[in-house]
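*Asks:* Please see the structure below; I have some questions.
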Amino acid sequence: MPIIIDLDVQLARKKMGVNELALAIGITPANVSVLKNGRAKAVRFTTLDAICRVLECQPGDILRWEPEG
């Protein structure tokens, strides 16, 4: 899929782990891992808002598009 998720980069920037982020945004660590590893099929805007609020970043810092091939 040409949508790349850079959640791991933002977590490293804030020195935060998956469990800590999950607790802060109110979803399970398993769901954060699915998102972080690029296996998510969708992201709720409320979840994206919470992630950006906690990590103090913009949606474009987490999601980017790259053409296939």
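In the structure tokens, chains take letters A, B, ... by order of appearance, with residues numbered from 1 within each chain and ligands from 1 in the order shown.
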Write out as a list of chain:residue names the residues lying within 12 Å of Glu56 of chain A, counting only C-alpha atoms and excluding same-chain residues fewer than 5 positions away.

*Replies:* A:Gln10, A:Leu11, A:Arg13, A:Lys14, A:Leu48, A:Asp49, A:Ala50, A:Ile51, A:Asp61, A:Ile62

*Asks:* Filtering to N, CA and C atoms, could you give me those residues as a PDB file, in the first residue's frame?

*Replies:*
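Written out: part-v8.pdb:
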ATOM      1  N   GLN A  10       7.753   9.078  15.210  1.00  0.00           N
ATOM      2  CA  GLN A  10       7.253  10.054  16.176  1.00  0.00           C
ATOM      3  C   GLN A  10       7.346   9.528  17.609  1.00  0.00           C
ATOM      4  N   LEU A  11       7.124   8.237  17.786  1.00  0.00           N
ATOM      5  CA  LEU A  11       7.279   7.649  19.125  1.00  0.00           C
ATOM      6  C   LEU A  11       8.728   7.762  19.585  1.00  0.00           C
ATOM      7  N   ARG A  13      10.913   9.967  18.596  1.00  0.00           N
ATOM      8  CA  ARG A  13      11.198  11.388  18.827  1.00  0.00           C
ATOM      9  C   ARG A  13      10.777  11.823  20.230  1.00  0.00           C
ATOM     10  N   LYS A  14       9.642  11.289  20.685  1.00  0.00           N
ATOM     11  CA  LYS A  14       9.132  11.637  22.018  1.00  0.00           C
ATOM     12  C   LYS A  14       9.614  10.671  23.102  1.00  0.00           C
ATOM     13  N   LEU A  48      -6.583   9.650  15.350  1.00  0.00           N
ATOM     14  CA  LEU A  48      -5.517  10.461  14.768  1.00  0.00           C
ATOM     15  C   LEU A  48      -5.347  11.761  15.538  1.00  0.00           C
ATOM     16  N   ASP A  49      -6.458  12.374  15.925  1.00  0.00           N
ATOM     17  CA  ASP A  49      -6.418  13.596  16.734  1.00  0.00           C
ATOM     18  C   ASP A  49      -5.716  13.338  18.060  1.00  0.00           C
ATOM     19  N   ALA A  50      -6.070  12.244  18.724  1.00  0.00           N
ATOM     20  CA  ALA A  50      -5.468  11.924  20.013  1.00  0.00           C
ATOM     21  C   ALA A  50      -3.969  11.660  19.876  1.00  0.00           C
ATOM     22  N   ILE A  51      -3.587  10.930  18.833  1.00  0.00           N
ATOM     23  CA  ILE A  51      -2.164  10.655  18.595  1.00  0.00           C
ATOM     24  C   ILE A  51      -1.402  11.956  18.386  1.00  0.00           C
ATOM     25  N   ASP A  61       2.988  14.201   9.786  1.00  0.00           N
ATOM     26  CA  ASP A  61       4.185  13.641  10.394  1.00  0.00           C
ATOM     27  C   ASP A  61       4.052  12.142  10.620  1.00  0.00           C
ATOM     28  N   ILE A  62       2.803  11.660  10.599  1.00  0.00           N
ATOM     29  CA  ILE A  62       2.523  10.256  10.846  1.00  0.00           C
ATOM     30  C   ILE A  62       2.184   9.506   9.559  1.00  0.00           C
TER      31      ILE A  62
END

*Asks:* In Å to one decimal, how far is atom CA of Glu68 of chain A from atom CA of Ser33 of chain A?

*Replies:* 23.5 Å

*Asks:* Write down as JSON, numbers by chain the residues of chain A whose backbone DSSP state falls under helix (DSSP H, G or I).

*Replies:* {"A": [7, 8, 9, 10, 11, 12, 13, 18, 19, 20, 21, 22, 23, 24, 25, 29, 30, 31, 32, 33, 34, 35, 36, 45, 46, 47, 48, 49, 50, 51, 52, 53, 54, 55, 59, 60, 61, 62]}

*Asks:* Include N, CA, C and O atoms and write out the residues we just selected as a compact mmCIF listing (two decimals), in the first residue's frame.

*Replies:*
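Saved result, part-v2.txt, follows:
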# COMPACT_ATOMS: atom_id res chain seq x y z
N LEU A 7 4.55 6.27 12.50
CA LEU A 7 4.27 6.41 13.92
C LEU A 7 5.49 6.06 14.76
O LEU A 7 5.77 6.71 15.76
N ASP A 8 6.27 5.08 14.33
CA ASP A 8 7.47 4.69 15.07
C ASP A 8 8.48 5.83 15.17
O ASP A 8 9.13 6.01 16.19
N VAL A 9 8.56 6.63 14.11
CA VAL A 9 9.48 7.78 14.11
C VAL A 9 9.05 8.80 15.16
O VAL A 9 9.88 9.30 15.93
N GLN A 10 7.75 9.08 15.21
CA GLN A 10 7.25 10.05 16.18
C GLN A 10 7.35 9.53 17.61
O GLN A 10 7.63 10.29 18.53
N LEU A 11 7.12 8.24 17.79
CA LEU A 11 7.28 7.65 19.13
C LEU A 11 8.73 7.76 19.58
O LEU A 11 9.00 8.10 20.74
N ALA A 12 9.67 7.49 18.71
CA ALA A 12 11.08 7.59 19.06
C ALA A 12 11.46 9.04 19.38
O ALA A 12 12.22 9.29 20.32
N ARG A 13 10.91 9.97 18.60
CA ARG A 13 11.20 11.39 18.83
C ARG A 13 10.78 11.82 20.23
O ARG A 13 11.47 12.60 20.88
N VAL A 18 4.87 2.01 22.82
CA VAL A 18 3.52 1.67 22.37
C VAL A 18 2.55 1.65 23.54
O VAL A 18 1.44 2.19 23.46
N ASN A 19 2.94 1.01 24.64
CA ASN A 19 2.05 0.92 25.80
C ASN A 19 1.71 2.29 26.37
O ASN A 19 0.56 2.55 26.74
N GLU A 20 2.70 3.16 26.44
CA GLU A 20 2.48 4.50 26.97
C GLU A 20 1.54 5.30 26.07
O GLU A 20 0.63 5.98 26.56
N LEU A 21 1.74 5.21 24.77
CA LEU A 21 0.85 5.90 23.83
C LEU A 21 -0.56 5.34 23.92
O LEU A 21 -1.53 6.10 23.96
N ALA A 22 -0.68 4.03 23.96
CA ALA A 22 -1.99 3.40 24.04
C ALA A 22 -2.76 3.89 25.26
O ALA A 22 -3.95 4.22 25.17
N LEU A 23 -2.10 3.94 26.39
CA LEU A 23 -2.74 4.41 27.61
C LEU A 23 -3.15 5.87 27.49
O LEU A 23 -4.26 6.26 27.88
N ALA A 24 -2.29 6.69 26.88
CA ALA A 24 -2.57 8.12 26.74
C ALA A 24 -3.73 8.41 25.80
O ALA A 24 -4.44 9.41 25.98
N ILE A 25 -3.92 7.58 24.77
CA ILE A 25 -4.97 7.88 23.79
C ILE A 25 -6.21 7.00 23.96
O ILE A 25 -7.20 7.19 23.26
N PRO A 29 -2.83 -1.49 23.35
CA PRO A 29 -1.49 -1.56 22.76
C PRO A 29 -1.48 -2.38 21.47
O PRO A 29 -0.74 -2.05 20.54
N ALA A 30 -2.32 -3.40 21.38
CA ALA A 30 -2.39 -4.20 20.14
C ALA A 30 -2.83 -3.35 18.97
O ALA A 30 -2.29 -3.47 17.86
N ASN A 31 -3.81 -2.47 19.18
CA ASN A 31 -4.27 -1.61 18.09
C ASN A 31 -3.23 -0.56 17.71
O ASN A 31 -3.10 -0.22 16.54
N VAL A 32 -2.48 -0.07 18.68
CA VAL A 32 -1.38 0.86 18.36
C VAL A 32 -0.33 0.12 17.53
O VAL A 32 0.18 0.66 16.55
N SER A 33 -0.03 -1.11 17.89
CA SER A 33 0.95 -1.90 17.14
C SER A 33 0.50 -2.16 15.71
O SER A 33 1.31 -2.09 14.78
N VAL A 34 -0.78 -2.45 15.53
CA VAL A 34 -1.32 -2.66 14.18
C VAL A 34 -1.12 -1.40 13.34
O VAL A 34 -0.69 -1.46 12.19
N LEU A 35 -1.39 -0.26 13.93
CA LEU A 35 -1.21 1.01 13.23
C LEU A 35 0.28 1.27 12.96
O LEU A 35 0.67 1.59 11.84
N LYS A 36 1.10 1.08 13.97
CA LYS A 36 2.54 1.34 13.86
C LYS A 36 3.20 0.46 12.80
O LYS A 36 4.09 0.91 12.08
N PHE A 45 -10.61 9.49 12.78
CA PHE A 45 -10.09 10.85 12.98
C PHE A 45 -9.91 11.15 14.47
O PHE A 45 -8.98 11.86 14.84
N THR A 46 -10.76 10.61 15.32
CA THR A 46 -10.60 10.84 16.76
C THR A 46 -9.31 10.22 17.27
O THR A 46 -8.64 10.80 18.12
N THR A 47 -8.95 9.05 16.73
CA THR A 47 -7.69 8.41 17.11
C THR A 47 -6.50 9.21 16.59
O THR A 47 -5.53 9.45 17.32
N LEU A 48 -6.58 9.65 15.35
CA LEU A 48 -5.52 10.46 14.77
C LEU A 48 -5.35 11.76 15.54
O LEU A 48 -4.23 12.19 15.83
N ASP A 49 -6.46 12.37 15.93
CA ASP A 49 -6.42 13.60 16.73
C ASP A 49 -5.72 13.34 18.06
O ASP A 49 -4.85 14.12 18.47
N ALA A 50 -6.07 12.24 18.72
CA ALA A 50 -5.47 11.92 20.01
C ALA A 50 -3.97 11.66 19.88
O ALA A 50 -3.17 12.11 20.70
N ILE A 51 -3.59 10.93 18.83
CA ILE A 51 -2.16 10.65 18.59
C ILE A 51 -1.40 11.96 18.39
O ILE A 51 -0.35 12.18 18.99
N CYS A 52 -1.93 12.83 17.55
CA CYS A 52 -1.26 14.11 17.28
C CYS A 52 -1.17 14.98 18.53
O CYS A 52 -0.17 15.65 18.76
N ARG A 53 -2.23 14.95 19.33
CA ARG A 53 -2.24 15.75 20.56
C ARG A 53 -1.15 15.24 21.52
O ARG A 53 -0.37 16.03 22.05
N VAL A 54 -1.08 13.92 21.72
CA VAL A 54 -0.11 13.35 22.66
C VAL A 54 1.32 13.49 22.14
O VAL A 54 2.23 13.83 22.91
N LEU A 55 1.53 13.25 20.85
CA LEU A 55 2.88 13.31 20.29
C LEU A 55 3.29 14.71 19.84
O LEU A 55 4.42 14.90 19.40
N PRO A 59 -0.79 15.43 11.43
CA PRO A 59 -1.11 14.17 10.75
C PRO A 59 -0.09 13.81 9.67
O PRO A 59 0.25 12.63 9.49
N GLY A 60 0.43 14.79 8.98
CA GLY A 60 1.43 14.55 7.94
C GLY A 60 2.76 14.05 8.48
O GLY A 60 3.58 13.54 7.73
N ASP A 61 2.99 14.20 9.79
CA ASP A 61 4.19 13.64 10.39
C ASP A 61 4.05 12.14 10.62
O ASP A 61 5.04 11.45 10.80
N ILE A 62 2.80 11.66 10.60
CA ILE A 62 2.52 10.26 10.85
C ILE A 62 2.18 9.51 9.56
O ILE A 62 2.59 8.37 9.37

*Asks:* Counting only C-alpha atoms, what is within 9 Å of Pro2 of chain A, bar same-chain residues fewer than 3 positions away, as an mmCIF file with C-alpha atoms, in the first residue's frame?

*Replies:*
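Contents of part.cif, as written:
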data_model
loop_
_atom_site.group_PDB
_atom_site.id
_atom_site.type_symbol
_atom_site.label_atom_id
_atom_site.label_comp_id
_atom_site.auth_asym_id
_atom_site.auth_seq_id
_atom_site.Cartn_x
_atom_site.Cartn_y
_atom_site.Cartn_z
ATOM 1 C CA ARG A 64 2.599 9.965 4.041
ATOM 2 C CA TRP A 65 1.928 8.757 0.527
ATOM 3 C CA GLU A 66 4.497 7.141 -1.745
ATOM 4 C CA PRO A 67 3.726 5.941 -5.255
ATOM 5 C CA GLU A 68 3.930 2.195 -5.808
#

*Asks:* Assign secondary structure with DSSP using the backbone only, and return the residues of chain A in strand (DSSP E or B) as JSON, numbers by chain.

*Replies:* {"A": [3, 4, 5, 63, 64, 65]}

*Asks:* Please compute the atom CA of Gly38 of chain A-atom CA of Ile5 of chain A distance, one decimal, in Å.

*Replies:* 5.9 Å

*Asks:* May I ask for the distance between atom CA of Asn37 of chain A and atom CA of Met16 of chain A, given in Å to one decimal place?

*Replies:*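 For atom CA of Asn37 of chain A relative to atom CA of Met16 of chain A, the distance reads 15.7 Å.
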